[in-house]
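Novice: This is the structure I have questions about; it appears just below.
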Amino acid sequence: MSIQLAVIGAGPRGVGFLERLAANLPEIANGLPLVVHLVDPHPPGAGRIWRSAQSPLLKLNSMARDVTMFTDVSSTVDGPVWEGPSLIEWAVQVRSGQIDLQVDDPLVAHELEHLAGDSFPTRRLQSEYLAWFYRRAIAALPATVVEYAASATTVTDAPDGTQLVSLDNGVVVAADIVLYALGHSGSSPEPEHVELLEFAERHGLHYVAPDFTADADLSAIRAGEPVIVRGMGLAAVDLTVLLTEGRGGRFVPSASLPGQLDYLPSGEEPLLLLGSRRGVPYHSKISSALAAPRAEPRFFTARIVAALEASSETLSFTRDVWPLIAAELQWGYYHELFVGHPDRVRVPWERFVPFLERYRWNSPQLHAAIAAAVPNPVDRLDLEALDRPLAGVRAESRAELQETLRYYIGLDLHARSAPEHSATLGLFTSLLYALFDLGSIIDSPKWTARSRAHDLSVWWPNYFSFIASGPPAHRLDELLALSRAGVVEFLGADIAVRAVVDEVGRAGHFAASSPSAPGEVTARVLIDARLPDAHVRRSDNAALRSLIATGAACEELVSDADFAGSTGRLLVRPADSRLIRADGDPHPGAFAIGPYTNAPFAGAFARPGTNAVAFRENDRVARAVLELAVERAAVPAQPPALASALASAMAETAQRG
Ligand SMILES: Cc1cc2nc3c(=O)[nH]c(=O)nc-3n(C[C@H](O)[C@H](O)[C@H](O)COP(=O)(O)OP(=O)(O)OC[C@H]3O[C@@H](n4cnc5c(N)ncnc54)[C@H](O)[C@@H]3O)c2cc1C
């Protein structure tokens, strides 16, 4: 009896799962007749986010050498490691003819020809890598793979255990096992967004709610008009690219400022008024190299974390974990400064170490020790100021704020590229390893409810992204050029946006102000430049909503004496990513992986050599799926074939309309 496996979602995680299925099948289910039904309206491999049908200007914010789809010697997976090329290795192998690949898009072909390890590739190039990975994975998979270019809308559990997956093209797939890899979904607008949309509609204005920038309709935005943009993260970077270069403007080497860019406008760009809570863009990626050997971690290591977890009754991120991470960040930063650049400090590293060991990360004593040992204030790390650079800044005028912001961005770019400031790389490296080590206790049942619902799922990923996962440096060079050209204006921190109507109540506009500078700006257009909230209850993904509505799965709720709430994630069993049903039992035949689940750190590409969490999870779930498939295959077929009768009836109904 063949086993029918439906995989819903064929983005990086869905196809990464298929690769692990191929790797594990010979050991667990050799000879099992398996049919894989792969459902996605977008091309397999790339899926929605990485599809080639998007602007060639949009890029990854990871370097080509930092992206891989393959397990390697660092991977502690139970299944076999199948090594393969990282993105840059793949590009080199395509160039040398070792990988036989015809790239039709001339822009991508040109990019591939010149790609280096430290290049930030376009999403279209990544699309080729992912499509190639997919073809290689299914070539190795001893199963029949049927592709459906459609969306799954509902999945119904039939009484005999079969799951009926209804697609939006009328097809119904009868599956024994379903793997959900739904990735990033949109979200139905929150009450504030509904109000703003209705206000815009009533007054002939334009409001863009949180969206995937590549998909947002920006055509209603007119040349020259002011646009208030709320958010300065990666979505705002993409938006700025699309509304400037995407409208025909060009960046050229500056005629007057050596090493900088000038922007030559096309005249089609709007005036972008950028503000956010922090009021500054994310710190750029770092291009300097470490001058000293990497610091041996001291305060936050896998061993320390495991001991902390074992000895604590409850784990609070802010109380127990953040102080250790903060100390580790200072350790990594100052180790590189003192050992790599002794000319920039007054005492040797060995004499400074006791201060880091003795005093809390933000104590006045440590600040005083730093001030005494590090003469140049630019070299002193202030973690609070790094997070909130505009705190306390009050410009006299908006013009002065522009100067302040340009100075800050220029300084930040210098700190992240100049060899003498490689301490920022020491900080980054410590932060990255803190992220990995935190992964080892992220599943602990001891976390407080607030830590789970807020600190670990909102604050920490946001902090990490702001410090370590910002845009490539050239995007900030471009932002400076746009600011000097008057196409971008900065609004400041903690911006407040109002929807304003005139006295007669007819004409309306949006207004924004910030404590960073006096005055208010007004505009006909307001854009919330951020990704939609990923809460499963508000998701616009029909399949996900149906899982919650039918009770086949549930959201992760957390509560303790201090806090009760929801993480907004789909609850899965850590051991094998099985859905947990609303009644609390594991689902008998459905699994879920990816960023909308409560599994940790599932939303980024793996870096080579880092024992990536996503690969381990893919491997675990692939093995669990195969074990279940073997179990199911051993059960004789159920007469009468109720499931197939139901499936035909549902397909007929769908086709009738
Ligand atoms: C805009 C954006 C930029 C990013 N940039 C980076 C980056 O530069 N570097 C990095 O490391 N990470 C980045 N990420 C993180 C991202 O999480 C991963 O790169 C990766 O896309 C996650 O893979 P996934 O398969 O889980 O999700 P997705 O890539 O979202 O794929 C999920 C797939 O499921 C399909 N699907 C969903 N619902 C259904 C349904 N009901 N029926 C059928 N198919 C369905 C979708 O069409 C989609 O193809 C970015 C994320 C976003 C949103």
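Following the order of the structure tokens, chains are lettered A, B, ..., residues in each are numbered from 1, and ligands are numbered from 1.
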Please identify every residue of chain A that has at least one atom no farther than 6 Å from an atom of ligand 1, counting only C-alpha atoms and all ligand atoms, and for each give the shortest atom pair and the distance in Å to one decimal, arranged by chain then increasing number, as a tab-separated table.
Specialist:
```
residue	atom	partner	partner_atom_place_in_ligand_line	distance
A:Ile8	CA	ligand 1	43 (C)	5.0
A:Gly9	CA	ligand 1	34 (O)	3.2
A:Ala10	CA	ligand 1	33 (C)	5.1
A:Gly11	CA	ligand 1	31 (O)	3.6
A:Pro12	CA	ligand 1	25 (O)	4.0
A:Arg13	CA	ligand 1	25 (O)	3.7
A:Gly14	CA	ligand 1	25 (O)	5.4
A:Val39	CA	ligand 1	43 (C)	5.0
A:Asp40	CA	ligand 1	44 (N)	3.6
A:Pro41	CA	ligand 1	47 (O)	5.6
A:His42	CA	ligand 1	47 (O)	5.3
A:Gly47	CA	ligand 1	49 (O)	3.0
A:Arg48	CA	ligand 1	49 (O)	3.8
A:Ile49	CA	ligand 1	29 (O)	4.9
A:Leu60	CA	ligand 1	8 (O)	3.4
A:Asn61	CA	ligand 1	8 (O)	3.8
A:Ser62	CA	ligand 1	9 (N)	5.0
A:Ser151	CA	ligand 1	42 (N)	3.5
A:Ala152	CA	ligand 1	42 (N)	3.8
A:Thr153	CA	ligand 1	41 (N)	5.7
A:Ala181	CA	ligand 1	34 (O)	5.7
A:Leu182	CA	ligand 1	37 (C)	3.8
A:Gly183	CA	ligand 1	27 (O)	3.1
A:His184	CA	ligand 1	30 (O)	4.0
A:Phe212	CA	ligand 1	1 (C)	5.9
A:Asn541	CA	ligand 1	41 (N)	5.7
A:Ala542	CA	ligand 1	41 (N)	5.9
A:Ala543	CA	ligand 1	41 (N)	4.6
A:Gly594	CA	ligand 1	26 (O)	4.2
A:Pro595	CA	ligand 1	26 (O)	5.7
A:Gly603	CA	ligand 1	17 (O)	3.5
A:Ala604	CA	ligand 1	11 (O)	3.6
A:Phe605	CA	ligand 1	11 (O)	3.7
```
Novice: If we count only C-alpha atoms, what is near Pro33 of chain A at a cut-off of 9 Å, once residues fewer than 5 positions away on the same chain are taken out, given as number ranges by chain?
Specialist: A: 1-4, 142-144, 633
Novice: Okay, now the selection with all heavy atoms, as an mmCIF file, in the first residue's frame?
Specialist:
```cif
data_model
loop_
_atom_site.group_PDB
_atom_site.id
_atom_site.type_symbol
_atom_site.label_atom_id
_atom_site.label_comp_id
_atom_site.auth_asym_id
_atom_site.auth_seq_id
_atom_site.Cartn_x
_atom_site.Cartn_y
_atom_site.Cartn_z
ATOM 1 N N MET A 1 0.847 -1.185 0.000
ATOM 2 C CA MET A 1 0.000 0.000 0.000
ATOM 3 C C MET A 1 0.888 1.242 0.000
ATOM 4 O O MET A 1 1.777 1.371 0.842
ATOM 5 C CB MET A 1 -0.842 -0.027 1.282
ATOM 6 C CG MET A 1 -1.709 1.170 1.499
ATOM 7 S SD MET A 1 -2.679 0.851 2.988
ATOM 8 C CE MET A 1 -2.401 2.346 3.876
ATOM 9 N N SER A 2 0.654 2.154 -0.951
ATOM 10 C CA SER A 2 1.518 3.339 -0.970
ATOM 11 C C SER A 2 1.024 4.352 0.058
ATOM 12 O O SER A 2 -0.166 4.446 0.358
ATOM 13 C CB SER A 2 1.572 3.948 -2.366
ATOM 14 O OG SER A 2 0.323 4.479 -2.690
ATOM 15 N N ILE A 3 1.950 5.089 0.588
ATOM 16 C CA ILE A 3 1.635 6.105 1.597
ATOM 17 C C ILE A 3 1.609 7.458 0.908
ATOM 18 O O ILE A 3 2.502 7.796 0.129
ATOM 19 C CB ILE A 3 2.703 6.072 2.715
ATOM 20 C CG1 ILE A 3 2.571 4.789 3.527
ATOM 21 C CG2 ILE A 3 2.594 7.290 3.628
ATOM 22 C CD1 ILE A 3 1.285 4.640 4.317
ATOM 23 N N GLN A 4 0.565 8.228 1.189
ATOM 24 C CA GLN A 4 0.398 9.546 0.576
ATOM 25 C C GLN A 4 0.801 10.603 1.607
ATOM 26 O O GLN A 4 0.190 10.706 2.672
ATOM 27 C CB GLN A 4 -1.071 9.775 0.168
ATOM 28 C CG GLN A 4 -1.729 8.609 -0.559
ATOM 29 C CD GLN A 4 -1.095 8.363 -1.927
ATOM 30 O OE1 GLN A 4 -0.880 9.308 -2.688
ATOM 31 N NE2 GLN A 4 -0.787 7.106 -2.217
ATOM 32 N N PRO A 142 13.564 8.494 -3.295
ATOM 33 C CA PRO A 142 12.919 7.362 -3.961
ATOM 34 C C PRO A 142 11.406 7.377 -3.710
ATOM 35 O O PRO A 142 10.874 6.571 -2.947
ATOM 36 C CB PRO A 142 13.588 6.151 -3.331
ATOM 37 C CG PRO A 142 14.175 6.624 -2.054
ATOM 38 C CD PRO A 142 14.269 8.106 -2.072
ATOM 39 N N ALA A 143 10.733 8.333 -4.312
ATOM 40 C CA ALA A 143 9.288 8.476 -4.133
ATOM 41 C C ALA A 143 8.745 9.182 -5.372
ATOM 42 O O ALA A 143 9.506 9.799 -6.117
ATOM 43 C CB ALA A 143 8.992 9.321 -2.893
ATOM 44 N N THR A 144 7.452 9.084 -5.563
ATOM 45 C CA THR A 144 6.832 9.845 -6.648
ATOM 46 C C THR A 144 6.487 11.219 -6.094
ATOM 47 O O THR A 144 5.884 11.312 -5.020
ATOM 48 C CB THR A 144 5.522 9.146 -7.091
ATOM 49 O OG1 THR A 144 5.853 7.801 -7.377
ATOM 50 C CG2 THR A 144 4.892 9.822 -8.281
ATOM 51 N N ALA A 633 1.826 1.969 6.723
ATOM 52 C CA ALA A 633 1.871 1.012 5.613
ATOM 53 C C ALA A 633 1.581 -0.396 6.105
ATOM 54 O O ALA A 633 1.064 -1.234 5.376
ATOM 55 C CB ALA A 633 3.231 1.068 4.937
#
```
Novice: Write out as a list in words each polymer residue whose atoms come within 8 Å of Leu273 of chain A, counting only C-alpha atoms; drop sequence neighbours fewer than 4 positions from it.
Specialist: Pro226, Val227, Ile228, Val229, Val488, Glu489, Phe490 and Leu491 of chain A
Novice: With all heavy atoms kept, could you save the residues just selected as a CSV table (one decimal), in the first residue's frame?
Specialist:
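Contents of the output file out27.csv:
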```csv
chain,number,residue,atom,x,y,z
A,226,PRO,N,5.0,63.9,-0.1
A,226,PRO,CA,5.5,63.4,1.1
A,226,PRO,C,4.8,62.1,1.5
A,226,PRO,O,3.6,62.0,1.3
A,226,PRO,CB,5.2,64.5,2.2
A,226,PRO,CG,4.5,65.6,1.4
A,226,PRO,CD,4.2,65.2,0.0
A,227,VAL,N,5.6,61.2,2.0
A,227,VAL,CA,5.1,59.9,2.5
A,227,VAL,C,5.6,59.6,3.8
A,227,VAL,O,6.8,59.6,4.0
A,227,VAL,CB,5.5,58.7,1.5
A,227,VAL,CG1,5.1,57.4,2.0
A,227,VAL,CG2,5.0,58.9,0.1
A,228,ILE,N,4.7,59.5,4.8
A,228,ILE,CA,5.2,59.2,6.2
A,228,ILE,C,5.4,57.7,6.3
A,228,ILE,O,4.5,56.9,6.0
A,228,ILE,CB,4.2,59.6,7.3
A,228,ILE,CG1,4.1,61.1,7.2
A,228,ILE,CG2,4.7,59.1,8.6
A,228,ILE,CD1,2.9,61.7,8.1
A,229,VAL,N,6.7,57.3,6.6
A,229,VAL,CA,7.0,55.8,6.7
A,229,VAL,C,7.3,55.5,8.2
A,229,VAL,O,8.2,56.1,8.8
A,229,VAL,CB,8.2,55.5,5.8
A,229,VAL,CG1,8.6,54.0,6.0
A,229,VAL,CG2,8.0,55.8,4.4
A,488,VAL,N,15.0,61.7,1.1
A,488,VAL,CA,14.7,61.1,2.4
A,488,VAL,C,14.8,62.1,3.5
A,488,VAL,O,15.8,62.9,3.4
A,488,VAL,CB,15.6,59.9,2.7
A,488,VAL,CG1,15.7,59.5,4.1
A,488,VAL,CG2,15.1,58.6,1.9
A,489,GLU,N,13.9,62.2,4.4
A,489,GLU,CA,14.0,63.0,5.6
A,489,GLU,C,13.8,62.2,6.8
A,489,GLU,O,12.9,61.3,6.8
A,489,GLU,CB,13.0,64.2,5.6
A,489,GLU,CG,13.6,65.4,5.0
A,489,GLU,CD,12.6,66.6,5.1
A,489,GLU,OE1,12.0,66.8,6.2
A,489,GLU,OE2,12.4,67.2,4.0
A,490,PHE,N,14.6,62.4,7.9
A,490,PHE,CA,14.4,61.6,9.1
A,490,PHE,C,13.5,62.3,10.0
A,490,PHE,O,13.6,63.5,10.2
A,490,PHE,CB,15.8,61.3,9.7
A,490,PHE,CG,16.7,60.6,8.8
A,490,PHE,CD1,17.8,61.3,8.3
A,490,PHE,CD2,16.5,59.3,8.4
A,490,PHE,CE1,18.7,60.7,7.4
A,490,PHE,CE2,17.4,58.6,7.6
A,490,PHE,CZ,18.5,59.3,7.1
A,491,LEU,N,12.6,61.6,10.7
A,491,LEU,CA,11.6,62.2,11.6
A,491,LEU,C,12.1,62.1,13.0
A,491,LEU,O,11.6,62.9,13.9
A,491,LEU,CB,10.3,61.5,11.4
A,491,LEU,CG,9.6,61.7,10.1
A,491,LEU,CD1,8.2,60.9,10.1
A,491,LEU,CD2,9.4,63.1,9.7
```
Novice: Enter the distance from atom CA of Tyr433 of chain A to atom CA of Thr301 of chain A, in Å, rounded to one decimal.
Specialist: 8.2 Å
Novice: Considering only alpha helix (DSSP H) as DSSP defines it on the backbone, what residues of segment 305-347 of chain A qualify? List them as a list in words.
Specialist: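 Listing alpha helix (DSSP H) positions across segment 305-347 of chain A yields Val305, Ala306, Ala307, Leu308, Glu309, Ala310, Ser311, Trp322, Pro323, Leu324, Ile325, Ala326, Ala327, Glu328, Leu329, Gln330, Trp331, Gly332, Tyr333, Tyr334 and His335 of chain A.
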Novice: Generate the output file for the selected residues, N, CA, C and O atoms, as an mmCIF file, in the first residue's frame.
Specialist:
```
data_model
loop_
_atom_site.group_PDB
_atom_site.id
_atom_site.type_symbol
_atom_site.label_atom_id
_atom_site.label_comp_id
_atom_site.auth_asym_id
_atom_site.auth_seq_id
_atom_site.Cartn_x
_atom_site.Cartn_y
_atom_site.Cartn_z
ATOM 1 N N VAL A 305 24.864 27.835 30.331
ATOM 2 C CA VAL A 305 23.423 27.902 30.087
ATOM 3 C C VAL A 305 22.728 26.633 30.592
ATOM 4 O O VAL A 305 21.676 26.685 31.230
ATOM 5 N N ALA A 306 23.378 25.484 30.322
ATOM 6 C CA ALA A 306 22.784 24.210 30.756
ATOM 7 C C ALA A 306 22.736 24.163 32.291
ATOM 8 O O ALA A 306 21.729 23.735 32.883
ATOM 9 N N ALA A 307 23.819 24.630 32.936
ATOM 10 C CA ALA A 307 23.857 24.617 34.404
ATOM 11 C C ALA A 307 22.801 25.566 34.962
ATOM 12 O O ALA A 307 22.122 25.249 35.957
ATOM 13 N N LEU A 308 22.650 26.702 34.335
ATOM 14 C CA LEU A 308 21.655 27.677 34.778
ATOM 15 C C LEU A 308 20.257 27.061 34.707
ATOM 16 O O LEU A 308 19.470 27.152 35.651
ATOM 17 N N GLU A 309 20.008 26.396 33.589
ATOM 18 C CA GLU A 309 18.692 25.795 33.390
ATOM 19 C C GLU A 309 18.436 24.714 34.439
ATOM 20 O O GLU A 309 17.364 24.644 35.041
ATOM 21 N N ALA A 310 19.464 23.901 34.673
ATOM 22 C CA ALA A 310 19.303 22.783 35.609
ATOM 23 C C ALA A 310 19.090 23.273 37.042
ATOM 24 O O ALA A 310 18.338 22.670 37.816
ATOM 25 N N SER A 311 19.729 24.380 37.397
ATOM 26 C CA SER A 311 19.677 24.799 38.802
ATOM 27 C C SER A 311 18.536 25.777 39.097
ATOM 28 O O SER A 311 18.314 26.133 40.244
ATOM 29 N N TRP A 322 19.511 37.700 30.289
ATOM 30 C CA TRP A 322 20.022 38.895 29.618
ATOM 31 C C TRP A 322 21.296 39.441 30.287
ATOM 32 O O TRP A 322 22.260 39.774 29.584
ATOM 33 N N PRO A 323 21.380 39.518 31.634
ATOM 34 C CA PRO A 323 22.623 40.032 32.221
ATOM 35 C C PRO A 323 23.856 39.231 31.792
ATOM 36 O O PRO A 323 24.932 39.789 31.601
ATOM 37 N N LEU A 324 23.679 37.899 31.620
ATOM 38 C CA LEU A 324 24.816 37.075 31.185
ATOM 39 C C LEU A 324 25.165 37.363 29.730
ATOM 40 O O LEU A 324 26.342 37.449 29.346
ATOM 41 N N ILE A 325 24.122 37.518 28.904
ATOM 42 C CA ILE A 325 24.382 37.826 27.489
ATOM 43 C C ILE A 325 25.068 39.185 27.387
ATOM 44 O O ILE A 325 26.051 39.357 26.652
ATOM 45 N N ALA A 326 24.561 40.171 28.143
ATOM 46 C CA ALA A 326 25.143 41.515 28.081
ATOM 47 C C ALA A 326 26.618 41.464 28.490
ATOM 48 O O ALA A 326 27.480 42.077 27.844
ATOM 49 N N ALA A 327 26.918 40.699 29.554
ATOM 50 C CA ALA A 327 28.317 40.579 29.992
ATOM 51 C C ALA A 327 29.155 39.917 28.891
ATOM 52 O O ALA A 327 30.299 40.303 28.637
ATOM 53 N N GLU A 328 28.579 38.913 28.227
ATOM 54 C CA GLU A 328 29.303 38.218 27.151
ATOM 55 C C GLU A 328 29.564 39.161 25.969
ATOM 56 O O GLU A 328 30.626 39.107 25.335
ATOM 57 N N LEU A 329 28.592 40.023 25.673
ATOM 58 C CA LEU A 329 28.768 40.970 24.562
ATOM 59 C C LEU A 329 29.924 41.919 24.878
ATOM 60 O O LEU A 329 30.766 42.217 24.024
ATOM 61 N N GLN A 330 29.969 42.402 26.128
ATOM 62 C CA GLN A 330 31.068 43.292 26.511
ATOM 63 C C GLN A 330 32.406 42.544 26.464
ATOM 64 O O GLN A 330 33.418 43.088 26.028
ATOM 65 N N TRP A 331 32.357 41.293 26.884
ATOM 66 C CA TRP A 331 33.575 40.472 26.884
ATOM 67 C C TRP A 331 34.125 40.347 25.450
ATOM 68 O O TRP A 331 35.309 40.568 25.197
ATOM 69 N N GLY A 332 33.247 39.996 24.514
ATOM 70 C CA GLY A 332 33.679 39.817 23.119
ATOM 71 C C GLY A 332 34.188 41.122 22.524
ATOM 72 O O GLY A 332 35.199 41.153 21.814
ATOM 73 N N TYR A 333 33.497 42.215 22.842
ATOM 74 C CA TYR A 333 33.872 43.527 22.297
ATOM 75 C C TYR A 333 35.235 43.955 22.841
ATOM 76 O O TYR A 333 36.158 44.283 22.092
ATOM 77 N N TYR A 334 35.351 43.941 24.183
ATOM 78 C CA TYR A 334 36.580 44.474 24.775
ATOM 79 C C TYR A 334 37.777 43.544 24.559
ATOM 80 O O TYR A 334 38.921 43.992 24.483
ATOM 81 N N HIS A 335 37.542 42.241 24.451
ATOM 82 C CA HIS A 335 38.655 41.339 24.134
ATOM 83 C C HIS A 335 39.280 41.764 22.802
ATOM 84 O O HIS A 335 40.502 41.887 22.673
#
```
Novice: What is the atom CA of Phe510 of chain A-atom CA of Glu403 of chain A distance in Å, reported with one decimal?
Specialist: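 A separation of 24.8 Å between them.
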Novice: Using only C-alpha atoms, can you tell me which of A:Glu627, A:Glu190, A:Arg250, A:Arg484 comes closest to Ser539 of chain A?
Specialist: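 Of the candidates, the smallest distance to Ser539 of chain A is held by A:Glu190.
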Novice: So, counting only C-alpha atoms, which residue among A:Ala575, A:Ile442, A:Ile548, A:Thr424 is closest to Asp619 of chain A?
Specialist: A:Ala575
Novice: Need the shell around Pro270 of chain A: protein/DNA/RNA residues with any atom at most 6 Å away, counting only C-alpha atoms. Skip same-chain ones fewer than 3 positions apart. Format as a list of chain:residue names?
Specialist: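 Counting only C-alpha atoms, the residues come to A:Ala223, A:Gly224, A:Glu225, A:Pro226.
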Novice: For the residues selected in the previous step, produce a file with N, CA, C and O atoms as a short mmCIF file (atom, residue, chain, number, x, y, z; two decimals), in the first residue's frame.
Specialist:
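Written file, out13.cif:
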```cif
data_model
loop_
_atom_site.label_atom_id
_atom_site.label_comp_id
_atom_site.auth_asym_id
_atom_site.auth_seq_id
_atom_site.Cartn_x
_atom_site.Cartn_y
_atom_site.Cartn_z
N ALA A 223 4.80 61.05 -7.57
CA ALA A 223 6.13 61.67 -7.59
C ALA A 223 6.10 62.94 -6.74
O ALA A 223 5.15 63.73 -6.81
N GLY A 224 7.10 63.13 -5.93
CA GLY A 224 7.27 64.37 -5.18
C GLY A 224 6.44 64.49 -3.92
O GLY A 224 6.71 65.36 -3.09
N GLU A 225 5.44 63.64 -3.72
CA GLU A 225 4.57 63.86 -2.55
C GLU A 225 5.21 63.28 -1.29
O GLU A 225 5.90 62.26 -1.33
N PRO A 226 4.96 63.94 -0.13
CA PRO A 226 5.50 63.40 1.12
C PRO A 226 4.81 62.10 1.51
O PRO A 226 3.59 61.97 1.34
#
```
Novice: Write out as a PyMOL selection string each polymer residue whose atoms come within 12 Å of His110 of chain A, counting only C-alpha atoms; drop sequence neighbours fewer than 2 positions from it.
Specialist: chain A and resi 91+95+103-108+112-115+121-122+124-125
Novice: May I ask for the distance between atom CA of Pro532 of chain A and atom CA of Asp211 of chain A, given in Å to one decimal place?
Specialist: 5.3 Å
Novice: Extract the full set of strand (DSSP E) residues from segment 27-273 of chain A according to DSSP on the backbone, and format it as a ChimeraX atom specification.
Specialist: /A:34-39,144-148,152-157,163-167,172-175,177-180,206-208,226-230,250-253,261-264,271-273
Novice: Rank nothing, just name the residue among A:Leu197, A:Leu526, A:Leu579, A:Leu456 nearest to Leu544 of chain A, using only C-alpha atoms.
Specialist: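 With only C-alpha atoms as the atom set, the closest residue is A:Leu579.
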Novice: Mind checking which residues fall within 7 Å of Gly568 of chain A, counting only C-alpha atoms, ignoring those fewer than 2 positions away in the same chain, and posting them as a list in words?
Specialist: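 Close residues of Gly568 of chain A: Ala534, His535, Val536, Glu555, Glu556, Ser566 and Leu570 of chain A.
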